[in-house]
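K.L.:
File follows, work.cif with mmCIF, C-alpha atoms; chains and numbers go by the auth columns:
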```
data_work
#
loop_
_atom_site.group_PDB
_atom_site.id
_atom_site.type_symbol
_atom_site.label_atom_id
_atom_site.label_comp_id
_atom_site.label_asym_id
_atom_site.label_seq_id
_atom_site.Cartn_x
_atom_site.Cartn_y
_atom_site.Cartn_z
_atom_site.B_iso_or_equiv
_atom_site.auth_seq_id
_atom_site.auth_asym_id
ATOM 1 C CA MET A 1 38.477 145.003 102.651 0.00 1 A
ATOM 2 C CA ILE A 2 40.934 147.084 100.809 0.00 2 A
ATOM 3 C CA GLY A 3 42.555 148.072 104.074 0.00 3 A
ATOM 4 C CA ASP A 4 43.390 144.440 104.707 0.00 4 A
ATOM 5 C CA PHE A 5 45.911 144.503 101.863 0.00 5 A
ATOM 6 C CA SER A 6 49.197 146.409 101.819 0.00 6 A
ATOM 7 C CA LEU A 7 50.037 148.277 98.675 0.00 7 A
ATOM 8 C CA ARG A 8 53.753 148.337 99.616 0.00 8 A
ATOM 9 C CA SER A 9 56.095 145.800 97.978 0.00 9 A
ATOM 10 C CA SER A 10 57.521 143.075 100.275 0.00 10 A
ATOM 11 C CA GLU A 11 60.783 142.926 98.252 0.00 11 A
ATOM 12 C CA PRO A 12 63.687 145.302 99.073 0.00 12 A
ATOM 13 C CA PRO A 13 64.236 148.126 96.615 0.00 13 A
ATOM 14 C CA PHE A 14 66.512 147.332 93.618 0.00 14 A
ATOM 15 C CA ASP A 15 70.078 148.679 94.132 0.00 15 A
ATOM 16 C CA PRO A 16 72.084 148.580 90.858 0.00 16 A
ATOM 17 C CA LEU A 17 75.354 149.589 92.613 0.00 17 A
ATOM 18 C CA SER A 18 75.240 146.516 94.899 0.00 18 A
ATOM 19 C CA VAL A 19 74.669 144.254 91.925 0.00 19 A
ATOM 20 C CA VAL A 20 77.645 145.735 90.085 0.00 20 A
ATOM 21 C CA LEU A 21 79.916 145.353 93.134 0.00 21 A
ATOM 22 C CA PHE A 22 78.826 141.737 93.647 0.00 22 A
ATOM 23 C CA LYS A 23 79.537 140.865 90.012 0.00 23 A
ATOM 24 C CA ALA A 24 82.932 142.565 90.238 0.00 24 A
ATOM 25 C CA LEU A 25 83.816 140.453 93.279 0.00 25 A
ATOM 26 C CA GLN A 26 82.822 137.306 91.398 0.00 26 A
ATOM 27 C CA VAL A 27 85.062 138.254 88.480 0.00 27 A
ATOM 28 C CA MET A 28 88.009 139.001 90.808 0.00 28 A
ATOM 29 C CA ALA A 29 87.592 135.663 92.586 0.00 29 A
ATOM 30 C CA PHE A 30 87.526 133.846 89.251 0.00 30 A
ATOM 31 C CA LEU A 31 90.667 135.636 88.035 0.00 31 A
ATOM 32 C CA PHE A 32 92.421 134.846 91.334 0.00 32 A
ATOM 33 C CA LEU A 33 91.558 131.150 90.913 0.00 33 A
ATOM 34 C CA ILE A 34 92.949 131.129 87.363 0.00 34 A
ATOM 35 C CA ALA A 35 96.180 132.835 88.498 0.00 35 A
ATOM 36 C CA PHE A 36 96.621 130.378 91.393 0.00 36 A
ATOM 37 C CA LEU A 37 96.205 127.382 89.080 0.00 37 A
ATOM 38 C CA ALA A 38 98.745 128.835 86.640 0.00 38 A
ATOM 39 C CA ILE A 39 101.310 129.399 89.406 0.00 39 A
ATOM 40 C CA SER A 40 100.795 125.857 90.733 0.00 40 A
ATOM 41 C CA GLN A 41 101.414 124.398 87.293 0.00 41 A
ATOM 42 C CA GLN A 42 104.617 126.434 86.920 0.00 42 A
ATOM 43 C CA LYS A 43 105.880 125.212 90.290 0.00 43 A
ATOM 44 C CA ASP A 44 105.179 121.595 89.386 0.00 44 A
ATOM 45 C CA SER A 45 106.915 121.905 86.015 0.00 45 A
ATOM 46 C CA GLY A 46 109.989 123.424 87.667 0.00 46 A
ATOM 47 C CA LYS A 47 110.447 120.718 90.280 0.00 47 A
ATOM 48 C CA ILE A 48 113.793 118.934 90.310 0.00 48 A
ATOM 49 C CA ASP A 49 114.084 115.301 91.269 0.00 49 A
ATOM 50 C CA SER A 50 116.308 115.546 94.343 0.00 50 A
ATOM 51 C CA LYS A 51 116.390 111.834 95.142 0.00 51 A
ATOM 52 C CA ALA A 52 119.778 110.954 96.577 0.00 52 A
ATOM 53 C CA GLU A 53 121.685 107.947 95.252 0.00 53 A
ATOM 54 C CA PHE A 54 124.351 107.722 98.001 0.00 54 A
ATOM 55 C CA PHE A 55 124.872 109.093 101.511 0.00 55 A
ATOM 56 C CA ILE A 56 128.384 109.434 102.946 0.00 56 A
ATOM 57 C CA SER A 57 128.375 110.232 106.660 0.00 57 A
ATOM 58 C CA MET A 58 131.154 110.987 109.143 0.00 58 A
ATOM 59 C CA THR A 59 130.606 110.863 112.899 0.00 59 A
ATOM 60 C CA TRP A 60 132.778 111.328 115.988 0.00 60 A
ATOM 61 C CA PRO A 61 131.959 111.290 119.731 0.00 61 A
ATOM 62 C CA ASP A 62 129.144 113.566 120.919 0.00 62 A
ATOM 63 C CA ASN A 63 130.170 116.894 122.459 0.00 63 A
ATOM 64 C CA HIS A 64 133.767 116.454 121.280 0.00 64 A
ATOM 65 C CA PRO A 65 135.503 119.826 120.726 0.00 65 A
ATOM 66 C CA ASP A 66 137.695 118.749 117.775 0.00 66 A
ATOM 67 C CA ASP A 67 136.897 119.890 114.237 0.00 67 A
ATOM 68 C CA PHE A 68 136.892 117.223 111.508 0.00 68 A
ATOM 69 C CA ASP A 69 136.068 117.678 107.842 0.00 69 A
ATOM 70 C CA LEU A 70 134.624 115.187 105.381 0.00 70 A
ATOM 71 C CA MET A 71 136.136 115.422 101.895 0.00 71 A
ATOM 72 C CA VAL A 72 134.874 113.576 98.809 0.00 72 A
ATOM 73 C CA GLN A 73 136.376 113.677 95.324 0.00 73 A
ATOM 74 C CA ASP A 74 134.468 112.344 92.317 0.00 74 A
ATOM 75 C CA PRO A 75 135.958 110.787 89.154 0.00 75 A
ATOM 76 C CA THR A 76 136.048 114.141 87.307 0.00 76 A
ATOM 77 C CA GLY A 77 138.113 115.857 90.005 0.00 77 A
ATOM 78 C CA ASN A 78 135.283 117.727 91.744 0.00 78 A
ATOM 79 C CA ILE A 79 135.851 118.025 95.498 0.00 79 A
ATOM 80 C CA VAL A 80 133.103 118.680 98.033 0.00 80 A
ATOM 81 C CA TRP A 81 134.139 119.906 101.501 0.00 81 A
ATOM 82 C CA TYR A 82 133.663 122.956 103.739 0.00 82 A
ATOM 83 C CA ARG A 83 135.004 125.358 101.081 0.00 83 A
ATOM 84 C CA ARG A 84 132.832 123.964 98.285 0.00 84 A
ATOM 85 C CA ARG A 85 129.596 122.569 99.667 0.00 85 A
ATOM 86 C CA ASP A 86 127.880 122.007 96.323 0.00 86 A
ATOM 87 C CA ILE A 87 129.665 120.827 93.201 0.00 87 A
ATOM 88 C CA GLY A 88 128.645 118.410 90.483 0.00 88 A
ATOM 89 C CA PHE A 89 126.142 115.943 91.966 0.00 89 A
ATOM 90 C CA MET A 90 127.662 116.228 95.470 0.00 90 A
ATOM 91 C CA SER A 91 126.418 118.328 98.403 0.00 91 A
ATOM 92 C CA LEU A 92 127.778 118.796 101.934 0.00 92 A
ATOM 93 C CA GLU A 93 124.718 119.141 104.148 0.00 93 A
ATOM 94 C CA ARG A 94 126.527 120.865 107.052 0.00 94 A
ATOM 95 C CA ASP A 95 130.043 121.800 108.130 0.00 95 A
ATOM 96 C CA ASN A 96 130.149 120.601 111.737 0.00 96 A
ATOM 97 C CA ARG A 97 133.037 122.378 113.470 0.00 97 A
ATOM 98 C CA GLY A 98 132.876 120.549 116.784 0.00 98 A
ATOM 99 C CA GLY A 99 132.715 122.900 119.738 0.00 99 A
ATOM 100 C CA ALA A 100 132.991 125.958 117.474 0.00 100 A
ATOM 101 C CA ASN A 101 129.422 125.709 116.130 0.00 101 A
ATOM 102 C CA ASP A 102 127.679 123.099 118.257 0.00 102 A
ATOM 103 C CA PHE A 103 124.234 124.628 117.798 0.00 103 A
ATOM 104 C CA MET A 104 121.354 124.537 115.329 0.00 104 A
ATOM 105 C CA LEU A 105 118.925 127.292 114.374 0.00 105 A
ATOM 106 C CA VAL A 106 115.386 126.192 115.266 0.00 106 A
ATOM 107 C CA GLY A 107 112.656 128.756 114.758 0.00 107 A
ATOM 108 C CA GLY A 108 115.257 131.504 114.645 0.00 108 A
ATOM 109 C CA GLU A 109 116.747 130.489 118.006 0.00 109 A
ATOM 110 C CA LYS A 110 120.063 128.783 118.705 0.00 110 A
ATOM 111 C CA VAL A 111 119.663 125.291 120.159 0.00 111 A
ATOM 112 C CA ARG A 112 122.801 123.506 121.353 0.00 112 A
ATOM 113 C CA SER A 113 123.487 120.171 119.667 0.00 113 A
ATOM 114 C CA SER A 114 125.741 117.435 121.019 0.00 114 A
ATOM 115 C CA ALA A 115 125.858 115.490 117.727 0.00 115 A
ATOM 116 C CA ARG A 116 129.065 115.439 115.726 0.00 116 A
ATOM 117 C CA GLN A 117 128.253 114.510 112.142 0.00 117 A
ATOM 118 C CA GLU A 118 128.834 115.626 108.570 0.00 118 A
ATOM 119 C CA LEU A 119 126.893 114.249 105.632 0.00 119 A
ATOM 120 C CA VAL A 120 127.553 114.318 101.883 0.00 120 A
ATOM 121 C CA SER A 121 124.801 113.342 99.444 0.00 121 A
ATOM 122 C CA LEU A 122 125.331 112.147 95.869 0.00 122 A
ATOM 123 C CA ARG A 123 122.295 112.960 93.736 0.00 123 A
ATOM 124 C CA GLY A 124 123.581 111.652 90.444 0.00 124 A
ATOM 125 C CA ILE A 125 125.892 109.031 88.982 0.00 125 A
ATOM 126 C CA VAL A 126 129.326 109.676 87.497 0.00 126 A
ATOM 127 C CA ALA A 127 131.122 106.474 86.578 0.00 127 A
ATOM 128 C CA GLY A 128 134.595 106.026 88.034 0.00 128 A
ATOM 129 C CA GLU A 129 136.379 106.130 91.383 0.00 129 A
ATOM 130 C CA TYR A 130 135.396 108.251 94.381 0.00 130 A
ATOM 131 C CA THR A 131 137.785 109.019 97.249 0.00 131 A
ATOM 132 C CA VAL A 132 136.432 109.686 100.756 0.00 132 A
ATOM 133 C CA ASN A 133 138.869 111.296 103.214 0.00 133 A
ATOM 134 C CA VAL A 134 138.809 112.661 106.755 0.00 134 A
ATOM 135 C CA TYR A 135 140.717 115.856 107.531 0.00 135 A
ATOM 136 C CA HIS A 136 141.515 116.709 111.169 0.00 136 A
ATOM 137 C CA PHE A 137 141.276 120.472 111.023 0.00 137 A
ATOM 138 C CA THR A 138 141.729 121.292 114.722 0.00 138 A
ATOM 139 C CA ALA A 139 142.837 118.980 117.555 0.00 139 A
ATOM 140 C CA GLN A 140 141.794 120.440 120.899 0.00 140 A
ATOM 141 C CA THR A 141 142.455 117.509 123.219 0.00 141 A
ATOM 142 C CA GLY A 142 145.651 116.015 121.781 0.00 142 A
ATOM 143 C CA ALA A 143 144.236 112.508 122.270 0.00 143 A
ATOM 144 C CA PRO A 144 143.283 110.080 119.461 0.00 144 A
ATOM 145 C CA VAL A 145 139.664 110.418 118.346 0.00 145 A
ATOM 146 C CA PRO A 146 137.660 107.631 116.647 0.00 146 A
ATOM 147 C CA VAL A 147 136.011 108.945 113.476 0.00 147 A
ATOM 148 C CA THR A 148 133.592 106.649 111.637 0.00 148 A
ATOM 149 C CA VAL A 149 132.786 107.019 107.936 0.00 149 A
ATOM 150 C CA THR A 150 129.831 105.145 106.431 0.00 150 A
ATOM 151 C CA ILE A 151 129.029 104.982 102.714 0.00 151 A
ATOM 152 C CA GLU A 152 125.481 103.874 101.863 0.00 152 A
ATOM 153 C CA LYS A 153 123.892 103.129 98.498 0.00 153 A
ATOM 154 C CA LEU A 154 120.214 104.071 98.761 0.00 154 A
ATOM 155 C CA ASN A 155 118.536 102.605 95.679 0.00 155 A
ATOM 156 C CA PRO A 156 116.792 100.299 95.060 0.00 156 A
ATOM 157 C CA ARG A 157 117.351 99.487 98.750 0.00 157 A
ATOM 158 C CA VAL A 158 119.762 100.758 101.382 0.00 158 A
ATOM 159 C CA THR A 159 123.055 98.849 101.415 0.00 159 A
ATOM 160 C CA VAL A 160 126.309 99.659 103.187 0.00 160 A
ATOM 161 C CA VAL A 161 129.153 100.010 100.682 0.00 161 A
ATOM 162 C CA ALA A 162 131.837 100.604 103.319 0.00 162 A
ATOM 163 C CA LYS A 163 132.170 101.485 106.986 0.00 163 A
ATOM 164 C CA GLU A 164 135.514 102.369 108.527 0.00 164 A
ATOM 165 C CA THR A 165 136.649 103.857 111.836 0.00 165 A
ATOM 166 C CA LEU A 166 139.860 105.902 111.795 0.00 166 A
ATOM 167 C CA GLU A 167 141.944 107.042 114.749 0.00 167 A
ATOM 168 C CA MET A 168 142.672 110.740 114.223 0.00 168 A
ATOM 169 C CA GLY A 169 144.969 112.561 116.639 0.00 169 A
ATOM 170 C CA GLN A 170 146.835 115.462 115.023 0.00 170 A
ATOM 171 C CA SER A 171 145.727 118.771 113.544 0.00 171 A
ATOM 172 C CA ASN A 172 146.052 119.116 109.764 0.00 172 A
ATOM 173 C CA SER A 173 146.257 115.351 109.255 0.00 173 A
ATOM 174 C CA GLU A 174 144.391 113.590 106.440 0.00 174 A
ATOM 175 C CA LYS A 175 143.435 109.928 106.058 0.00 175 A
ATOM 176 C CA THR A 176 141.538 107.946 103.440 0.00 176 A
ATOM 177 C CA ALA A 177 138.454 106.210 104.854 0.00 177 A
ATOM 178 C CA ALA A 178 137.466 104.465 101.628 0.00 178 A
ATOM 179 C CA ARG A 179 137.588 104.534 97.863 0.00 179 A
ATOM 180 C CA PHE A 180 134.785 103.095 95.745 0.00 180 A
ATOM 181 C CA THR A 181 134.187 102.731 92.024 0.00 181 A
ATOM 182 C CA LEU A 182 130.840 103.003 90.217 0.00 182 A
ATOM 183 C CA ASP A 183 129.858 101.824 86.769 0.00 183 A
ATOM 184 C CA ALA A 184 127.584 103.807 84.430 0.00 184 A
ATOM 185 C CA LYS A 185 124.467 102.361 86.109 0.00 185 A
ATOM 186 C CA GLY A 186 125.583 103.410 89.585 0.00 186 A
ATOM 187 C CA GLU A 187 126.515 99.931 90.739 0.00 187 A
ATOM 188 C CA VAL A 188 129.523 99.577 93.037 0.00 188 A
ATOM 189 C CA VAL A 189 132.135 97.527 91.201 0.00 189 A
ATOM 190 C CA GLY A 190 135.097 97.965 93.551 0.00 190 A
ATOM 191 C CA THR A 191 136.274 99.313 96.915 0.00 191 A
ATOM 192 C CA SER A 192 139.663 99.834 98.539 0.00 192 A
ATOM 193 C CA ARG A 193 141.421 101.426 101.499 0.00 193 A
ATOM 194 C CA VAL A 194 144.548 102.533 99.625 0.00 194 A
ATOM 195 C CA ASP A 195 145.547 105.901 101.085 0.00 195 A
ATOM 196 C CA ARG A 196 145.352 108.853 98.721 0.00 196 A
ATOM 197 C CA SER A 197 145.567 112.547 99.615 0.00 197 A
ATOM 198 C CA ILE A 198 142.830 114.795 98.264 0.00 198 A
ATOM 199 C CA LEU A 199 144.625 117.877 99.578 0.00 199 A
ATOM 200 C CA GLN A 200 147.563 117.153 97.294 0.00 200 A
ATOM 201 C CA THR A 201 145.323 117.561 94.254 0.00 201 A
ATOM 202 C CA PHE A 202 144.859 121.223 95.189 0.00 202 A
ATOM 203 C CA PHE A 203 148.552 121.804 94.605 0.00 203 A
ATOM 204 C CA ASP A 204 148.925 119.458 91.627 0.00 204 A
ATOM 205 C CA PRO A 205 145.724 119.593 89.493 0.00 205 A
ATOM 206 C CA SER A 206 147.130 116.939 87.146 0.00 206 A
ATOM 207 C CA LEU A 207 146.559 114.331 89.880 0.00 207 A
ATOM 208 C CA ASN A 208 142.805 114.390 89.327 0.00 208 A
ATOM 209 C CA GLY A 209 141.720 117.643 87.747 0.00 209 A
ATOM 210 C CA ALA A 210 141.302 119.723 90.911 0.00 210 A
ATOM 211 C CA SER A 211 142.153 123.418 90.965 0.00 211 A
ATOM 212 C CA LEU A 212 143.673 125.176 93.974 0.00 212 A
ATOM 213 C CA SER A 213 142.191 128.515 92.843 0.00 213 A
ATOM 214 C CA GLN A 214 138.695 127.157 93.652 0.00 214 A
ATOM 215 C CA TYR A 215 139.435 126.694 97.338 0.00 215 A
ATOM 216 C CA GLY A 216 140.785 128.536 100.354 0.00 216 A
ATOM 217 C CA GLY A 217 141.117 128.427 104.145 0.00 217 A
ATOM 218 C CA LYS A 218 138.305 127.797 106.599 0.00 218 A
ATOM 219 C CA GLN A 219 136.330 130.763 107.887 0.00 219 A
#
```
Give the structure from this file in structure tokens form.

P.N.:
Amino acid sequence: MIGDFSLRSSEPPFDPLSVVLFKALQVMAFLFLIAFLAISQQKDSGKIDSKAEFFISMTWPDNHPDDFDLMVQDPTGNIVWYRRRDIGFMSLERDNRGGANDFMLVGGEKVRSSARQELVSLRGIVAGEYTVNVYHFTAQTGAPVPVTVTIEKLNPRVTVVAKETLEMGQSNSEKTAARFTLDAKGEVVGTSRVDRSILQTFFDPSLNGASLSQYGGKQ
């Protein structure tokens, strides 16, 4: 009868080292979770509201070799263009140089793009008058080119403030597409097409507070 029973234990032998290692892994996982939650909270607290208030776009015919530049000056004299792509609340999303850089980087590879567009975003409100100009940096064809500038107010709904098409034909020429005035709440209270040179403010800062020392030639 006794032989029918095993005197050996059915449970595996106790290994204190395995228990210690398992507990250590639990502690490390817990600490990792705490660190991850802390980092996530820091990221959330550091987020900046990047909601745009206005978009100003400039387009010209696809695949055209000419180089045009969008220039915007705010009421304080700040000027956004290819030499100063971020200033105040204004940002130039891309300097499109026509045939000179008609490609985009996608996954680290150059992909040719036919689109001819520059876009300026306004992510804050400064009351006063804004001037939107087109500068014909390089004329390759010598023929007039239609350049369309569209100013859109985005909030609370998208509305077109102004849309103008200019005929540009000579290198180093500058034309005003539109001027618009905002009140303190960001409402458009006036628009005009009166021509005004932004380039001239580089040479005479008293015209609107611009400084020539901030800018230079295109690279």

K.L.:
Which of these, A:Lys185, A:Lys153, A:Lys51, A:Arg123, has the shortest distance to Met90 (chain A) once you count only C-alpha atoms?

P.N.:
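Checking each of A:Lys185, A:Lys153, A:Lys51, A:Arg123 against Met90 (chain A), counting only C-alpha atoms, the winner is A:Arg123.
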
K.L.:
The PyMOL selection byres ((chain A and resi 181) around 6) - which residues does that actually catch in the file I just gave you? List them as a list in words.

P.N.:
Gly128, Glu129, Phe180, Leu182, Val188, Val189 and Gly190 of chain A

K.L.:
How many Å lie between CA of Lys175 (chain A) and CA of Trp60 (chain A), rounded to one decimal?

P.N.:
14.6 Å

K.L.:
Please measure the separation of CA of Thr176 (chain A) and CA of Asn133 (chain A), giving the value in Å to one decimal.

P.N.:
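Between these atoms lies a distance of 4.3 Å.
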
K.L.:
Tell me which of A:Thr148, A:Ser91, A:Thr159, A:Asn96 sits closest to Ala178 (chain A), counting only C-alpha atoms.

P.N.:
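Looking at the shortest contact to Ala178 (chain A), the residue is A:Thr148.
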
K.L.:
Give as a list of chain:residue names each residue that has an atom at most 8 Å from (127.7, 102.0, 103.2) in the file, counting all atoms listed in the file.

P.N.:
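Checking each residue against the 8 Å limit leaves A:Phe55, A:Ile56, A:Thr150, A:Ile151, A:Glu152, A:Lys153, A:Thr159, A:Val160, A:Val161, A:Ala162, A:Lys163.
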
K.L.:
Find the residues around region 168-170 of chain A up to 12 Å (all atoms listed in the file counted), leave out those fewer than 4 positions away in its own chain, and share them as number ranges by chain.

P.N.:
A: 60, 66-69, 133-148, 174-177

K.L.:
Which residue is closest to Ile125 (chain A)? Choose from A:Leu199, A:Met58, A:Ala184, A:Val158 and count all atoms listed in the file.

P.N.:
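Among the listed residues, A:Ala184 lies closest to Ile125 (chain A).
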
K.L.:
Step by step, work through what the PyMOL selection byres ((chain A and resi 71) around 7) selects in the shown file, and finish by giving those residues as an MDAnalysis selection string.

P.N.:
chainID A and resid 69:70 72:73 79:81 132:134

K.L.:
I want to know what sits within 8 Å of region 107-118 of chain A, based on all atoms listed in the file, with residues of the same chain fewer than 3 positions away left out; could you give that as JSON, numbers by chain?

P.N.:
{"A": [57, 58, 59, 60, 61, 62, 63, 64, 69, 70, 92, 93, 94, 95, 96, 98, 102, 103, 104]}

K.L.:
Which value, in Å to one decimal, gives the distance between CA of Thr201 (chain A) and CA of Ala52 (chain A)?

P.N.:
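Taking CA of Thr201 (chain A) and CA of Ala52 (chain A), their separation equals 26.5 Å.
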
K.L.:
Between A:Thr76, A:Ser173, A:Thr131, A:Asn155, which one has atoms that come closest to Ser192 (chain A), using all atoms listed in the file?

P.N.:
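For Ser192 (chain A), the nearest of the given residues is A:Thr131.
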
K.L.:
Is it possible to get the axis-aligned box enclosing region 89-95 of chain A (all listed atoms, 4 Å extra per side) as lines of an AutoDock Vina configuration file, with centre and edge lengths in Å rounded to one decimal?

P.N.:
```
center_x = 127.4
center_y = 118.9
center_z = 100.0
size_x = 13.3
size_y = 13.9
size_z = 24.2
```
